[in-house]
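Asks: For reference, this is my_file.cif, and it has mmCIF, C-alpha atoms.
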```
data_target
loop_
_atom_site.group_PDB
_atom_site.id
_atom_site.type_symbol
_atom_site.label_atom_id
_atom_site.label_comp_id
_atom_site.auth_asym_id
_atom_site.auth_seq_id
_atom_site.Cartn_x
_atom_site.Cartn_y
_atom_site.Cartn_z
ATOM 1 C CA MET A 1 -27.356 9.351 15.184
ATOM 2 C CA LEU A 2 -27.770 6.751 12.435
ATOM 3 C CA THR A 3 -30.974 7.268 10.449
ATOM 4 C CA LEU A 4 -30.423 5.679 7.028
ATOM 5 C CA THR A 5 -31.357 2.079 6.259
ATOM 6 C CA SER A 6 -29.527 -0.262 3.895
ATOM 7 C CA LEU A 7 -32.350 -0.102 1.335
ATOM 8 C CA GLN A 8 -32.278 3.702 1.366
ATOM 9 C CA VAL A 9 -28.515 3.788 0.794
ATOM 10 C CA TYR A 10 -28.689 1.035 -1.827
ATOM 11 C CA GLY A 11 -31.236 3.137 -3.735
ATOM 12 C CA LYS A 12 -29.063 6.255 -3.498
ATOM 13 C CA LEU A 13 -26.056 4.342 -4.815
ATOM 14 C CA LYS A 14 -27.954 3.334 -7.927
ATOM 15 C CA VAL A 15 -28.197 7.022 -8.963
ATOM 16 C CA THR A 16 -24.818 8.199 -7.648
ATOM 17 C CA ASP A 17 -22.300 9.862 -9.995
ATOM 18 C CA PHE A 18 -19.121 7.933 -9.159
ATOM 19 C CA THR A 19 -16.863 10.033 -11.405
ATOM 20 C CA GLN A 20 -16.561 12.520 -8.512
ATOM 21 C CA PHE A 21 -14.740 10.032 -6.275
ATOM 22 C CA LYS A 22 -10.981 10.443 -6.156
ATOM 23 C CA LYS A 23 -8.609 7.496 -6.060
ATOM 24 C CA PRO A 24 -7.407 6.861 -2.479
ATOM 25 C CA GLY A 25 -3.898 8.007 -1.606
ATOM 26 C CA LYS A 26 -1.980 7.010 1.486
ATOM 27 C CA ASN A 27 -5.235 7.065 3.433
ATOM 28 C CA LYS A 28 -6.943 3.953 2.066
ATOM 29 C CA GLY A 29 -10.194 4.923 3.782
ATOM 30 C CA SER A 30 -10.516 8.344 2.159
ATOM 31 C CA ARG A 31 -12.765 7.128 -0.658
ATOM 32 C CA GLY A 32 -15.082 5.438 1.819
ATOM 33 C CA GLN A 33 -15.261 8.586 3.938
ATOM 34 C CA PHE A 34 -16.039 10.678 0.864
ATOM 35 C CA LEU A 35 -18.716 8.182 -0.157
ATOM 36 C CA GLU A 36 -20.349 8.311 3.272
ATOM 37 C CA THR A 37 -20.399 12.116 3.207
ATOM 38 C CA ALA A 38 -21.958 12.147 -0.261
ATOM 39 C CA LEU A 39 -24.675 9.732 0.872
ATOM 40 C CA GLY A 40 -25.400 11.592 4.104
ATOM 41 C CA ILE A 41 -24.021 8.900 6.407
ATOM 42 C CA PRO A 42 -22.593 10.399 9.637
ATOM 43 C CA ASN A 43 -19.024 9.545 10.597
ATOM 44 C CA THR A 44 -19.417 7.889 14.000
ATOM 45 C CA SER A 45 -17.641 5.306 16.136
ATOM 46 C CA LYS A 46 -20.659 2.976 16.081
ATOM 47 C CA LEU A 47 -20.126 -0.641 15.021
ATOM 48 C CA LYS A 48 -22.281 -0.253 11.891
ATOM 49 C CA ASP A 49 -22.589 2.591 9.384
ATOM 50 C CA LEU A 50 -26.348 2.192 8.905
ATOM 51 C CA VAL A 51 -29.392 1.432 11.037
ATOM 52 C CA ASP A 52 -29.468 -2.149 9.778
ATOM 53 C CA GLY A 53 -26.190 -2.689 7.983
ATOM 54 C CA GLU A 54 -22.742 -1.688 6.835
ATOM 55 C CA LEU A 55 -21.283 0.085 3.782
ATOM 56 C CA LYS A 56 -17.954 -1.094 2.339
ATOM 57 C CA SER A 57 -16.185 0.512 -0.612
ATOM 58 C CA PHE A 58 -13.136 -1.322 -1.914
ATOM 59 C CA THR A 59 -10.733 -1.857 -4.791
ATOM 60 C CA VAL A 60 -11.450 -5.128 -6.584
ATOM 61 C CA GLY A 61 -8.609 -7.582 -5.972
ATOM 62 C CA GLU A 62 -7.624 -6.074 -2.632
ATOM 63 C CA SER A 63 -8.683 -7.297 0.789
ATOM 64 C CA ILE A 64 -11.493 -5.481 2.618
ATOM 65 C CA ALA A 65 -11.015 -4.456 6.253
ATOM 66 C CA ALA A 66 -13.957 -5.580 8.407
ATOM 67 C CA THR A 67 -13.092 -4.549 11.972
ATOM 68 C CA GLN A 68 -10.155 -4.368 14.379
ATOM 69 C CA LEU A 69 -9.369 -7.588 16.232
ATOM 70 C CA LYS A 70 -8.563 -6.148 19.659
ATOM 71 C CA HIS A 71 -12.116 -5.140 20.590
ATOM 72 C CA CYS A 72 -13.336 -8.598 19.498
ATOM 73 C CA LEU A 73 -10.938 -10.592 21.697
ATOM 74 C CA PRO A 74 -12.918 -10.553 24.988
ATOM 75 C CA GLU A 75 -16.027 -12.072 23.394
ATOM 76 C CA ILE A 76 -13.981 -14.588 21.387
ATOM 77 C CA ILE A 77 -11.664 -15.730 24.183
ATOM 78 C CA ASN A 78 -13.854 -15.400 27.265
ATOM 79 C CA ASP A 79 -17.321 -16.045 25.851
ATOM 80 C CA SER A 80 -16.655 -18.321 22.826
ATOM 81 C CA VAL A 81 -19.194 -16.151 21.029
ATOM 82 C CA SER A 82 -20.974 -17.465 17.935
ATOM 83 C CA PHE A 83 -20.433 -15.768 14.592
ATOM 84 C CA GLU A 84 -23.994 -14.396 14.590
ATOM 85 C CA ASP A 85 -23.530 -12.738 17.994
ATOM 86 C CA SER A 86 -19.961 -11.570 17.392
ATOM 87 C CA LYS A 87 -19.000 -8.024 16.442
ATOM 88 C CA VAL A 88 -17.758 -9.380 13.107
ATOM 89 C CA GLY A 89 -21.046 -11.151 12.446
ATOM 90 C CA GLN A 90 -23.111 -8.125 13.465
ATOM 91 C CA LYS A 91 -20.996 -5.838 11.302
ATOM 92 C CA LEU A 92 -21.306 -8.063 8.210
ATOM 93 C CA LYS A 93 -24.901 -9.188 8.828
ATOM 94 C CA GLN A 94 -26.128 -6.985 5.976
ATOM 95 C CA THR A 95 -23.459 -5.267 3.913
ATOM 96 C CA ILE A 96 -23.491 -3.071 0.828
ATOM 97 C CA TYR A 97 -20.277 -3.522 -1.185
ATOM 98 C CA VAL A 98 -19.263 -0.786 -3.644
ATOM 99 C CA GLY A 99 -16.430 -1.911 -5.934
ATOM 100 C CA PHE A 100 -13.886 0.136 -7.866
ATOM 101 C CA SER A 101 -11.147 -0.948 -10.259
ATOM 102 C CA ARG A 102 -7.477 -0.194 -9.581
ATOM 103 C CA SER A 103 -7.815 2.762 -11.964
ATOM 104 C CA ASN A 104 -10.733 3.980 -9.780
ATOM 105 C CA ASP A 105 -13.528 3.165 -12.233
ATOM 106 C CA TYR A 106 -16.824 2.192 -10.598
ATOM 107 C CA VAL A 107 -17.435 -1.550 -10.985
ATOM 108 C CA GLY A 108 -20.725 -2.218 -9.225
ATOM 109 C CA THR A 109 -22.821 -2.325 -6.070
ATOM 110 C CA GLU A 110 -24.080 -5.454 -4.334
ATOM 111 C CA MET A 111 -25.987 -5.922 -1.065
ATOM 112 C CA LEU A 112 -25.454 -9.188 0.812
ATOM 113 C CA ASN A 113 -27.357 -10.687 3.731
ATOM 114 C CA GLU A 114 -27.980 -14.236 4.898
ATOM 115 C CA GLU A 115 -31.335 -14.445 3.148
ATOM 116 C CA THR A 116 -29.982 -13.476 -0.282
ATOM 117 C CA HIS A 117 -26.574 -15.202 0.021
ATOM 118 C CA PRO A 118 -26.859 -18.125 2.501
ATOM 119 C CA GLU A 119 -23.773 -19.956 1.221
ATOM 120 C CA HIS A 120 -21.611 -16.855 1.690
ATOM 121 C CA TYR A 121 -22.707 -16.525 5.312
ATOM 122 C CA GLN A 122 -22.170 -20.201 6.014
ATOM 123 C CA GLN A 123 -18.598 -19.857 4.737
ATOM 124 C CA LEU A 124 -18.105 -16.713 6.837
ATOM 125 C CA ARG A 125 -19.354 -18.629 9.881
ATOM 126 C CA GLU A 126 -16.939 -21.507 9.260
ATOM 127 C CA ASP A 127 -13.987 -19.175 8.724
ATOM 128 C CA PHE A 128 -14.800 -17.156 11.844
ATOM 129 C CA ASP A 129 -15.070 -20.318 13.969
ATOM 130 C CA PHE A 130 -11.688 -21.535 12.662
ATOM 131 C CA ILE A 131 -9.975 -18.215 13.434
ATOM 132 C CA ALA A 132 -11.627 -17.935 16.863
ATOM 133 C CA LYS A 133 -10.558 -21.482 17.759
ATOM 134 C CA ASN A 134 -6.927 -20.705 16.963
ATOM 135 C CA LEU A 135 -7.019 -17.445 18.896
ATOM 136 C CA ARG A 136 -8.218 -19.362 21.953
ATOM 137 C CA ILE A 137 -5.472 -21.955 21.452
ATOM 138 C CA ALA A 138 -2.807 -19.235 21.326
ATOM 139 C CA VAL A 139 -4.056 -17.636 24.542
ATOM 140 C CA ASP A 140 -4.342 -21.032 26.290
ATOM 141 C CA LEU A 141 -0.769 -21.899 25.301
ATOM 142 C CA GLY A 142 0.514 -18.379 25.967
ATOM 143 C CA VAL A 143 2.177 -18.087 22.548
ATOM 144 C CA GLU A 144 2.227 -15.656 19.636
ATOM 145 C CA LEU A 145 0.104 -16.543 16.622
ATOM 146 C CA ASP A 146 3.139 -17.281 14.448
ATOM 147 C CA GLN A 147 3.927 -20.225 16.709
ATOM 148 C CA LEU A 148 0.721 -22.046 15.755
ATOM 149 C CA GLY A 149 2.152 -23.397 12.512
ATOM 150 C CA PHE A 150 0.695 -20.963 9.978
ATOM 151 C CA VAL A 151 3.104 -19.901 7.208
ATOM 152 C CA ASN A 152 3.222 -17.222 4.514
ATOM 153 C CA ARG A 153 3.829 -17.742 0.796
ATOM 154 C CA LYS A 154 7.553 -18.063 1.446
ATOM 155 C CA GLY A 155 6.952 -20.832 3.966
ATOM 156 C CA GLU A 156 7.909 -18.583 6.899
ATOM 157 C CA PRO A 157 5.989 -18.499 10.221
ATOM 158 C CA SER A 158 3.066 -16.073 9.979
ATOM 159 C CA HIS A 159 0.625 -14.348 12.318
ATOM 160 C CA THR A 160 -1.965 -14.277 9.534
ATOM 161 C CA ILE A 161 -4.769 -16.816 9.949
ATOM 162 C CA THR A 162 -7.117 -17.464 7.014
ATOM 163 C CA GLY A 163 -10.285 -19.511 7.354
ATOM 164 C CA PRO A 164 -10.675 -22.806 5.432
ATOM 165 C CA ASN A 165 -12.909 -21.162 2.801
ATOM 166 C CA GLY A 166 -10.372 -18.425 2.072
ATOM 167 C CA LEU A 167 -13.012 -15.784 2.759
ATOM 168 C CA LEU A 168 -12.210 -14.324 6.194
ATOM 169 C CA GLN A 169 -8.799 -13.792 7.781
ATOM 170 C CA ILE A 170 -6.972 -11.892 10.513
ATOM 171 C CA ARG A 171 -3.731 -10.111 9.718
ATOM 172 C CA THR A 172 -1.667 -7.111 10.735
ATOM 173 C CA LYS A 173 -3.333 -3.676 10.580
ATOM 174 C CA ALA A 174 -1.558 -1.049 12.655
ATOM 175 C CA SER A 175 -0.223 2.489 12.757
ATOM 176 C CA LYS A 176 2.869 3.656 14.607
ATOM 177 C CA THR A 177 2.492 5.411 17.944
ATOM 178 C CA LYS A 178 3.814 8.896 18.703
ATOM 179 C CA CYS A 179 7.058 7.180 19.716
ATOM 180 C CA LYS A 180 7.272 5.770 16.167
ATOM 181 C CA ASP A 181 6.873 2.169 17.233
ATOM 182 C CA TYR A 182 3.967 -0.283 17.256
ATOM 183 C CA LYS A 183 1.745 -1.247 20.152
ATOM 184 C CA PRO A 184 1.691 -5.062 20.578
ATOM 185 C CA LEU A 185 -1.591 -6.942 20.422
ATOM 186 C CA THR A 186 -2.041 -8.564 23.819
ATOM 187 C CA PHE A 187 -4.808 -10.312 25.718
ATOM 188 C CA ALA A 188 -4.811 -11.773 29.241
ATOM 189 C CA GLY A 189 -1.071 -11.166 29.489
ATOM 190 C CA VAL A 190 -0.336 -13.002 26.219
ATOM 191 C CA THR A 191 1.293 -11.161 23.301
ATOM 192 C CA LEU A 192 -0.409 -12.429 20.151
ATOM 193 C CA ASN A 193 1.442 -10.182 17.712
ATOM 194 C CA ASN A 194 3.941 -7.323 17.856
ATOM 195 C CA LYS A 195 1.406 -5.120 16.021
ATOM 196 C CA GLY A 196 -2.351 -4.616 15.987
ATOM 197 C CA MET A 197 -4.457 -6.875 13.763
ATOM 198 C CA ALA A 198 -7.860 -6.821 12.085
ATOM 199 C CA PHE A 199 -10.450 -9.050 10.447
ATOM 200 C CA TYR A 200 -10.392 -8.842 6.645
ATOM 201 C CA LEU A 201 -12.352 -10.259 3.753
ATOM 202 C CA CYS A 202 -9.761 -11.751 1.403
ATOM 203 C CA GLY A 203 -9.102 -10.224 -2.016
ATOM 204 C CA GLN A 204 -10.663 -13.151 -3.881
ATOM 205 C CA PHE A 205 -14.057 -12.286 -2.399
ATOM 206 C CA GLY A 206 -14.241 -8.936 -4.202
ATOM 207 C CA ARG A 207 -13.103 -10.504 -7.478
ATOM 208 C CA ASN A 208 -15.852 -13.122 -7.233
ATOM 209 C CA LEU A 209 -18.487 -10.562 -6.245
ATOM 210 C CA PHE A 210 -18.166 -8.568 -9.470
#
```
For this file, write the structure as structure tokens.

Replies:
Amino acid sequence: MLTLTSLQVYGKLKVTDFTQFKKPGKNKGSRGQFLETALGIPNTSKLKDLVDGELKSFTVGESIAATQLKHCLPEIINDSVSFEDSKVGQKLKQTIYVGFSRSNDYVGTEMLNEETHPEHYQQLREDFDFIAKNLRIAVDLGVELDQLGFVNRKGEPSHTITGPNGLLQIRTKASKTKCKDYKPLTFAGVTLNNKGMAFYLCGQFGRNLF
């Protein structure tokens, strides 16, 4: 059961000794799990870490995973959900970001919500709407995301979709199955990608935050 509020955790972070946190290895989420344990946050499958918010630890310059795409697809495709009512919006409604350098030095802590950072949330809303629109187009057309015209840095077709503000994006995030292959991302009989995907905050966000 979640019992800690964002303000309680924010206060704890201000007096936390971050020298005890090891640099993540192959498991990128290990530092976050260690941080949650140290703060007394239970490891659950709930959408949010806290009663009224979310805790995100990250390496400055790297993208920040928000939530898996698959469980968001029904509300995006079938319900045309707004950002505020979406799982992404609920998860990021009030978020504490804890930044570390690539050498694992603590950089800083910042808590964001729509009241303190209205421009940030407006940009998140615009990026989410752009991504959701293209997901609906792909399902309507019955095509994979790389057929929508998005390209990578090499100019090759890409499944990655980044919002117009360069803040929020969806891209591949998947682990191999027991059969050592990947489970395709599908919805309503349409294969959107040959691997699972997730919502991310782009790397530039963390650089700008600290």

Asks: Enumerate, as a list of chain:residue names, the protein, DNA and RNA residues whose atoms approach (-0.7, -14.6, 12.7) to within 6 Å, taking into account only C-alpha atoms and the coordinate frame of the file.

Replies: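 The residues near that point, listed by chain and number, are A:Leu145, A:Asp146, A:Ser158, A:His159, A:Thr160, A:Ile161.
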
Asks: What is the CA of Leu13 (chain A) to CA of Tyr200 (chain A) distance in Å?

Replies: 23.5 Å

Asks: The PyMOL selection byres ((chain A and resi 197) around 7) - which residues does that actually catch in the file I just gave you? List them as a list in words.

Replies: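 Taken on the displayed file, the PyMOL selection byres ((chain A and resi 197) around 7) yields the residues Gln68, Leu69, Ile170, Arg171, Thr172, Lys173, Ala174, Lys195, Gly196 and Ala198 of chain A.
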
Asks: Counting all atoms listed in the file, find residues at most 9 Å from (3.1, -2.0, 18.4) (file frame) and give them as a PyMOL selection string.

Replies: chain A and resi 174-177+181-185+193-196

Asks: What is the distance, in Å and to one decimal place, between CA of Thr19 (chain A) and CA of Asn113 (chain A)?

Replies: 27.7 Å

Asks: Nearest to Pro164 (chain A): which of A:Leu50, A:Ile131, A:Ile76, A:Leu92 is it, counting all atoms listed in the file?

Replies: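 Checking each candidate against Pro164 (chain A), we get A:Ile131 as the closest.
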
Asks: For the file shown, report as a PyMOL selection string the outcome of the PyMOL selection byres ((chain A and resi 134-143) around 10) at residue level.

Replies: chain A and resi 73+76-78+80+129-133+144-148+161+186-193

Asks: Smallest atom-to-atom distance to Phe128 (chain A): which of A:Gln20, A:Thr3, A:Thr116, A:Ser86, using only C-alpha atoms?

Replies: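 Ranked by minimum distance to Phe128 (chain A), first place goes to A:Ser86.
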
Asks: Please report the interatomic distance between CA of Arg31 (chain A) and CA of His71 (chain A) in Å with one decimal.

Replies: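 Atom-to-atom, CA of Arg31 (chain A) and CA of His71 (chain A) are spaced 24.5 Å apart.
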
Asks: Fewer than 6 positions away in the same chain doesn't count, so skip those; otherwise give me all residues within 9 Å of Ile64 (chain A), counting all atoms listed in the file, as an mmCIF file with C-alpha atoms, keeping the file's coordinate frame.

Replies:
```cif
data_model
loop_
_atom_site.group_PDB
_atom_site.id
_atom_site.type_symbol
_atom_site.label_atom_id
_atom_site.label_comp_id
_atom_site.auth_asym_id
_atom_site.auth_seq_id
_atom_site.Cartn_x
_atom_site.Cartn_y
_atom_site.Cartn_z
ATOM 1 C CA LYS A 56 -17.954 -1.094 2.339
ATOM 2 C CA SER A 57 -16.185 0.512 -0.612
ATOM 3 C CA PHE A 58 -13.136 -1.322 -1.914
ATOM 4 C CA PHE A 199 -10.450 -9.050 10.447
ATOM 5 C CA TYR A 200 -10.392 -8.842 6.645
ATOM 6 C CA LEU A 201 -12.352 -10.259 3.753
ATOM 7 C CA CYS A 202 -9.761 -11.751 1.403
ATOM 8 C CA GLY A 203 -9.102 -10.224 -2.016
ATOM 9 C CA PHE A 205 -14.057 -12.286 -2.399
ATOM 10 C CA GLY A 206 -14.241 -8.936 -4.202
#
```

Asks: Run the PyMOL selection byres ((chain A and resi 8) around 12) against the file shown and list the residues it catches, as a PyMOL selection string.

Replies: chain A and resi 3-7+9-15+39-41+50-53+55+96+111

Asks: Calculated over only C-alpha atoms, which of the candidates A:Thr37, A:Val60, A:Gln90, A:Asn104 has the smallest distance to Lys23 (chain A)?

Replies: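 Ranked by minimum distance to Lys23 (chain A), first place goes to A:Asn104.
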